[in-house]
$ cat input.csv   # CSV, C-alpha atoms
chain,number,residue,atom,x,y,z
A,1,VAL,CA,4.7,-22.5,-19.6
A,2,GLN,CA,1.8,-21.7,-22.0
A,3,ALA,CA,-0.5,-24.4,-20.5
A,4,ALA,CA,0.3,-23.4,-16.9
A,5,LEU,CA,-0.4,-19.7,-17.7
A,6,VAL,CA,-3.7,-20.6,-19.3
A,7,ARG,CA,-4.8,-22.9,-16.5
A,8,LEU,CA,-3.8,-20.5,-13.7
A,9,ALA,CA,-5.3,-17.4,-15.4
A,10,ALA,CA,-8.6,-19.3,-16.2
A,11,GLU,CA,-8.9,-20.5,-12.5
A,12,THR,CA,-7.7,-17.4,-10.6
A,13,GLY,CA,-7.9,-14.5,-13.1
A,14,ARG,CA,-4.2,-13.9,-13.3
A,15,ALA,CA,-0.9,-15.7,-13.8
A,16,VAL,CA,2.7,-14.7,-14.1
A,17,ALA,CA,5.7,-16.6,-15.5
A,18,SER,CA,9.2,-15.5,-14.8
A,19,ARG,CA,12.6,-16.4,-16.3
A,20,CYS,CA,11.0,-16.5,-19.7
A,21,THR,CA,13.1,-17.2,-22.8
A,22,ASP,CA,13.3,-14.8,-25.7
A,23,GLU,CA,11.2,-17.3,-27.7
A,24,GLN,CA,8.5,-17.3,-25.0
A,25,LEU,CA,8.5,-13.5,-24.7
A,26,ALA,CA,8.0,-13.3,-28.5
A,27,ARG,CA,5.5,-16.1,-29.0
A,28,LEU,CA,3.3,-16.3,-25.9
A,29,PRO,CA,1.8,-12.8,-26.1
A,30,VAL,CA,0.7,-13.4,-29.6
A,31,VAL,CA,-0.8,-16.8,-28.9
A,32,LEU,CA,-2.5,-15.8,-25.6
A,33,SER,CA,-3.8,-12.3,-26.5
A,34,ALA,CA,-6.9,-13.6,-28.1
A,35,ARG,CA,-8.1,-15.0,-24.8
A,36,PHE,CA,-6.3,-12.9,-22.1
A,37,GLU,CA,-4.7,-9.5,-21.5
A,38,VAL,CA,-1.0,-10.1,-21.8
A,39,GLU,CA,2.0,-8.1,-20.6
A,40,ALA,CA,5.4,-9.3,-21.6
A,41,ASP,CA,8.4,-7.5,-19.9
A,42,PRO,CA,11.7,-8.3,-21.7
A,43,VAL,CA,13.8,-6.7,-19.0
A,44,ALA,CA,12.1,-8.6,-16.1
A,45,ARG,CA,11.8,-11.6,-18.5
A,46,THR,CA,8.2,-12.1,-17.2
A,47,ILE,CA,4.8,-12.7,-18.9
A,48,LEU,CA,1.7,-11.6,-17.1
A,49,VAL,CA,-1.6,-13.1,-18.2
A,50,ALA,CA,-5.0,-11.9,-16.9
A,51,THR,CA,-8.7,-12.1,-17.7
A,52,ALA,CA,-10.3,-8.9,-18.7
A,53,GLY,CA,-10.6,-6.5,-15.8
A,54,SER,CA,-8.7,-8.7,-13.4
A,55,ARG,CA,-6.5,-6.8,-10.9
A,56,PRO,CA,-4.2,-8.0,-8.1
A,57,ARG,CA,-5.8,-8.0,-4.7
A,58,ALA,CA,-4.2,-5.2,-2.6
A,59,THR,CA,-2.6,-6.6,0.5
A,60,GLY,CA,-1.2,-3.4,1.9
A,61,GLY,CA,2.3,-4.9,1.7
A,62,ARG,CA,5.2,-2.6,0.8
A,63,VAL,CA,8.4,-3.8,-0.8
A,64,GLY,CA,11.5,-1.9,-1.5
A,65,ILE,CA,13.8,-3.0,-4.3
A,66,VAL,CA,17.4,-1.9,-4.2
A,67,THR,CA,20.1,-2.7,-6.7
A,68,ALA,CA,23.9,-2.6,-6.4
A,69,GLY,CA,24.3,-1.7,-10.1
A,70,SER,CA,22.9,-1.9,-13.6
A,71,SER,CA,23.6,-5.7,-13.8
A,72,ASP,CA,20.9,-6.2,-11.1
A,73,ILE,CA,18.2,-4.4,-13.1
A,74,PRO,CA,16.6,-7.6,-14.6
A,75,VAL,CA,16.3,-9.3,-11.3
A,76,ALA,CA,15.0,-6.1,-9.7
A,77,ALA,CA,12.4,-5.7,-12.5
A,78,GLU,CA,11.3,-9.4,-12.0
A,79,ALA,CA,11.0,-8.8,-8.2
A,80,ALA,CA,8.8,-5.7,-8.9
A,81,VAL,CA,6.5,-7.6,-11.2
A,82,VAL,CA,6.1,-10.5,-8.7
A,83,ALA,CA,5.6,-8.0,-5.8
A,84,ARG,CA,2.8,-6.2,-7.7
A,85,GLU,CA,1.1,-9.5,-8.5
A,86,LEU,CA,1.2,-10.3,-4.8
A,87,GLY,CA,-0.6,-7.1,-4.0
A,88,CYS,CA,2.3,-5.1,-2.7
A,89,MET,CA,3.2,-1.5,-3.5

$ encode --input "input.csv" --output "structure tokens"
Amino acid sequence: VQAALVRLAAETGRAVASRCTDEQLARLPVVLSARFEVEADPVARTILVATAGSRPRATGGRVGIVTAGSSDIPVAAEAAVVARELGCM
């Protein structure tokens, strides 16, 4: 996961990993923060890696995320992170 995040972020400016383990959520931000801006979301289980100043390209897309209960919150949070990275509101 670390190598993929580094390669994608270096080539495109941004990279996101989902379904991250607790170990990855704890370790990767520490390791990658020297080179990239890093956001780890323990609820969504995602790690976002970006070069300084990089922002998702706005596409004008709109996404609604609806849950059927609190057990869906992690999946909804993951969907929100991915949608934002795809340029959706």

$ atom_distance --input "input.csv" --atom1 "CA of Val75 (chain A)" --atom2 "CA of Val31 (chain A)"
25.7 Å

$ atom_distance --input "input.csv" --atom1 "CA of Ala26 (chain A)" --atom2 "CA of Val43 (chain A)"
12.9 Å

$ atom_distance --input "input.csv" --atom1 "CA of Leu28 (chain A)" --atom2 "CA of Ala77 (chain A)"
19.4 Å

$ closest_residue --input "input.csv" --among "A:Cys88, A:Ala76, A:Ala10, A:Val1" --to "Ala52 (chain A)" --atoms "all atoms listed in the file"
A:Ala10

$ residues_around --input "input.csv" --residues "Glu78 (chain A)" --least-positions-apart "4" --cutoff "12 Å" --atoms "only C-alpha atoms" --output "MDAnalysis selection string"
chainID A and resid 16:20 40:48 65 72:74 82:85

$ closest_residue --input "input.csv" --among "A:Val66, A:Val6, A:Val30, A:Ala58" --to "Leu86 (chain A)" --atoms "only C-alpha atoms"
A:Ala58

$ closest_residue --input "input.csv" --among "A:Arg62, A:Arg7, A:Arg14, A:Arg35" --to "Val49 (chain A)" --atoms "only C-alpha atoms"
A:Arg14

$ closest_residue --input "input.csv" --among "A:Ala9, A:Val81, A:Ala50, A:Ala3" --to "Val63 (chain A)" --atoms "all atoms listed in the file"
A:Val81

$ closest_residue --input "input.csv" --among "A:Leu5, A:Ala80, A:Arg55, A:Gly13" --to "Leu32 (chain A)" --atoms "all atoms listed in the file"
A:Leu5

$ closest_residue --input "input.csv" --among "A:Phe36, A:Thr59, A:Gly69, A:Ala79" --to "Leu8 (chain A)" --atoms "only C-alpha atoms"
A:Phe36

$ decode --input "input.csv" --residues "chain A" --atoms "C-alpha atoms" --output "PDB file, in the first residue's frame"
ATOM      1  CA  VAL A   1       0.000   0.000   0.000  1.00  0.00           C
ATOM      2  CA  GLN A   2       2.800   2.403   0.896  1.00  0.00           C
ATOM      3  CA  ALA A   3       4.571   1.937  -2.440  1.00  0.00           C
ATOM      4  CA  ALA A   4       1.337   2.385  -4.377  1.00  0.00           C
ATOM      5  CA  LEU A   5       0.449   5.587  -2.510  1.00  0.00           C
ATOM      6  CA  VAL A   6       3.922   7.044  -3.066  1.00  0.00           C
ATOM      7  CA  ARG A   7       3.960   6.174  -6.763  1.00  0.00           C
ATOM      8  CA  LEU A   8       0.448   7.469  -7.481  1.00  0.00           C
ATOM      9  CA  ALA A   9       0.901  10.663  -5.475  1.00  0.00           C
ATOM     10  CA  ALA A  10       4.250  11.357  -7.136  1.00  0.00           C
ATOM     11  CA  GLU A  11       2.752  10.846 -10.609  1.00  0.00           C
ATOM     12  CA  THR A  12      -0.676  12.453 -10.184  1.00  0.00           C
ATOM     13  CA  GLY A  13      -0.374  14.657  -7.111  1.00  0.00           C
ATOM     14  CA  ARG A  14      -2.889  12.642  -5.072  1.00  0.00           C
ATOM     15  CA  ALA A  15      -3.629   9.076  -4.032  1.00  0.00           C
ATOM     16  CA  VAL A  16      -6.129   7.409  -1.730  1.00  0.00           C
ATOM     17  CA  ALA A  17      -6.106   3.972  -0.139  1.00  0.00           C
ATOM     18  CA  SER A  18      -9.252   2.462   1.328  1.00  0.00           C
ATOM     19  CA  ARG A  19      -9.980  -0.482   3.609  1.00  0.00           C
ATOM     20  CA  CYS A  20      -6.763   0.291   5.507  1.00  0.00           C
ATOM     21  CA  THR A  21      -5.813  -1.754   8.537  1.00  0.00           C
ATOM     22  CA  ASP A  22      -5.277  -0.241  11.985  1.00  0.00           C
ATOM     23  CA  GLU A  23      -1.546  -0.773  11.539  1.00  0.00           C
ATOM     24  CA  GLN A  24      -1.541   1.090   8.202  1.00  0.00           C
ATOM     25  CA  LEU A  25      -3.623   3.931   9.658  1.00  0.00           C
ATOM     26  CA  ALA A  26      -1.090   4.315  12.472  1.00  0.00           C
ATOM     27  CA  ARG A  27       2.162   3.814  10.525  1.00  0.00           C
ATOM     28  CA  LEU A  28       1.704   5.276   7.049  1.00  0.00           C
ATOM     29  CA  PRO A  29       0.928   8.873   8.046  1.00  0.00           C
ATOM     30  CA  VAL A  30       4.126   8.945  10.101  1.00  0.00           C
ATOM     31  CA  VAL A  31       6.233   7.448   7.309  1.00  0.00           C
ATOM     32  CA  LEU A  32       4.738   9.486   4.453  1.00  0.00           C
ATOM     33  CA  SER A  33       4.312  12.880   6.141  1.00  0.00           C
ATOM     34  CA  ALA A  34       7.910  13.887   5.462  1.00  0.00           C
ATOM     35  CA  ARG A  35       7.208  13.884   1.713  1.00  0.00           C
ATOM     36  CA  PHE A  36       3.441  14.377   1.387  1.00  0.00           C
ATOM     37  CA  GLU A  37       0.402  15.888   3.045  1.00  0.00           C
ATOM     38  CA  VAL A  38      -1.364  12.926   4.651  1.00  0.00           C
ATOM     39  CA  GLU A  39      -4.904  12.540   5.973  1.00  0.00           C
ATOM     40  CA  ALA A  40      -5.818   9.315   7.731  1.00  0.00           C
ATOM     41  CA  ASP A  41      -9.491   8.742   8.510  1.00  0.00           C
ATOM     42  CA  PRO A  42      -9.982   5.917  11.020  1.00  0.00           C
ATOM     43  CA  VAL A  43     -13.769   5.896  10.543  1.00  0.00           C
ATOM     44  CA  ALA A  44     -13.578   5.677   6.729  1.00  0.00           C
ATOM     45  CA  ARG A  45     -10.430   3.530   7.028  1.00  0.00           C
ATOM     46  CA  THR A  46      -8.791   5.642   4.307  1.00  0.00           C
ATOM     47  CA  ILE A  47      -5.434   7.319   3.841  1.00  0.00           C
ATOM     48  CA  LEU A  48      -5.156  10.274   1.488  1.00  0.00           C
ATOM     49  CA  VAL A  49      -1.701  11.285   0.298  1.00  0.00           C
ATOM     50  CA  ALA A  50      -1.105  14.492  -1.674  1.00  0.00           C
ATOM     51  CA  THR A  51       1.716  16.692  -2.831  1.00  0.00           C
ATOM     52  CA  ALA A  52       1.754  20.160  -1.284  1.00  0.00           C
ATOM     53  CA  GLY A  53      -1.065  22.311  -2.638  1.00  0.00           C
ATOM     54  CA  SER A  54      -2.666  19.533  -4.670  1.00  0.00           C
ATOM     55  CA  ARG A  55      -6.468  19.591  -4.764  1.00  0.00           C
ATOM     56  CA  PRO A  56      -8.992  17.283  -6.446  1.00  0.00           C
ATOM     57  CA  ARG A  57     -10.146  18.541  -9.840  1.00  0.00           C
ATOM     58  CA  ALA A  58     -13.748  19.700  -9.532  1.00  0.00           C
ATOM     59  CA  THR A  59     -15.995  17.762 -11.891  1.00  0.00           C
ATOM     60  CA  GLY A  60     -19.315  19.287 -10.941  1.00  0.00           C
ATOM     61  CA  GLY A  61     -20.613  15.883  -9.913  1.00  0.00           C
ATOM     62  CA  ARG A  62     -22.905  15.578  -6.949  1.00  0.00           C
ATOM     63  CA  VAL A  63     -23.210  12.531  -4.751  1.00  0.00           C
ATOM     64  CA  GLY A  64     -25.705  11.839  -2.002  1.00  0.00           C
ATOM     65  CA  ILE A  65     -24.736   9.342   0.663  1.00  0.00           C
ATOM     66  CA  VAL A  66     -27.538   7.818   2.719  1.00  0.00           C
ATOM     67  CA  THR A  67     -27.201   5.257   5.476  1.00  0.00           C
ATOM     68  CA  ALA A  68     -29.730   2.895   6.993  1.00  0.00           C
ATOM     69  CA  GLY A  69     -28.175   3.101  10.434  1.00  0.00           C
ATOM     70  CA  SER A  70     -25.020   3.674  12.422  1.00  0.00           C
ATOM     71  CA  SER A  71     -23.429   0.420  11.279  1.00  0.00           C
ATOM     72  CA  ASP A  72     -23.231   1.932   7.767  1.00  0.00           C
ATOM     73  CA  ILE A  73     -21.226   4.964   8.892  1.00  0.00           C
ATOM     74  CA  PRO A  74     -17.762   3.552   8.005  1.00  0.00           C
ATOM     75  CA  VAL A  75     -18.859   2.627   4.474  1.00  0.00           C
ATOM     76  CA  ALA A  76     -20.588   5.998   4.031  1.00  0.00           C
ATOM     77  CA  ALA A  77     -17.461   7.813   5.244  1.00  0.00           C
ATOM     78  CA  GLU A  78     -15.323   5.830   2.794  1.00  0.00           C
ATOM     79  CA  ALA A  79     -17.716   6.692  -0.056  1.00  0.00           C
ATOM     80  CA  ALA A  80     -17.528  10.383   0.888  1.00  0.00           C
ATOM     81  CA  VAL A  81     -13.717  10.387   0.805  1.00  0.00           C
ATOM     82  CA  VAL A  82     -13.643   8.669  -2.592  1.00  0.00           C
ATOM     83  CA  ALA A  83     -16.357  10.962  -4.026  1.00  0.00           C
ATOM     84  CA  ARG A  84     -14.435  14.063  -2.920  1.00  0.00           C
ATOM     85  CA  GLU A  85     -11.270  12.715  -4.503  1.00  0.00           C
ATOM     86  CA  LEU A  86     -13.196  12.180  -7.739  1.00  0.00           C
ATOM     87  CA  GLY A  87     -14.144  15.861  -7.676  1.00  0.00           C
ATOM     88  CA  CYS A  88     -17.731  15.444  -6.535  1.00  0.00           C
ATOM     89  CA  MET A  89     -19.561  17.511  -3.973  1.00  0.00           C
TER      90      MET A  89
END
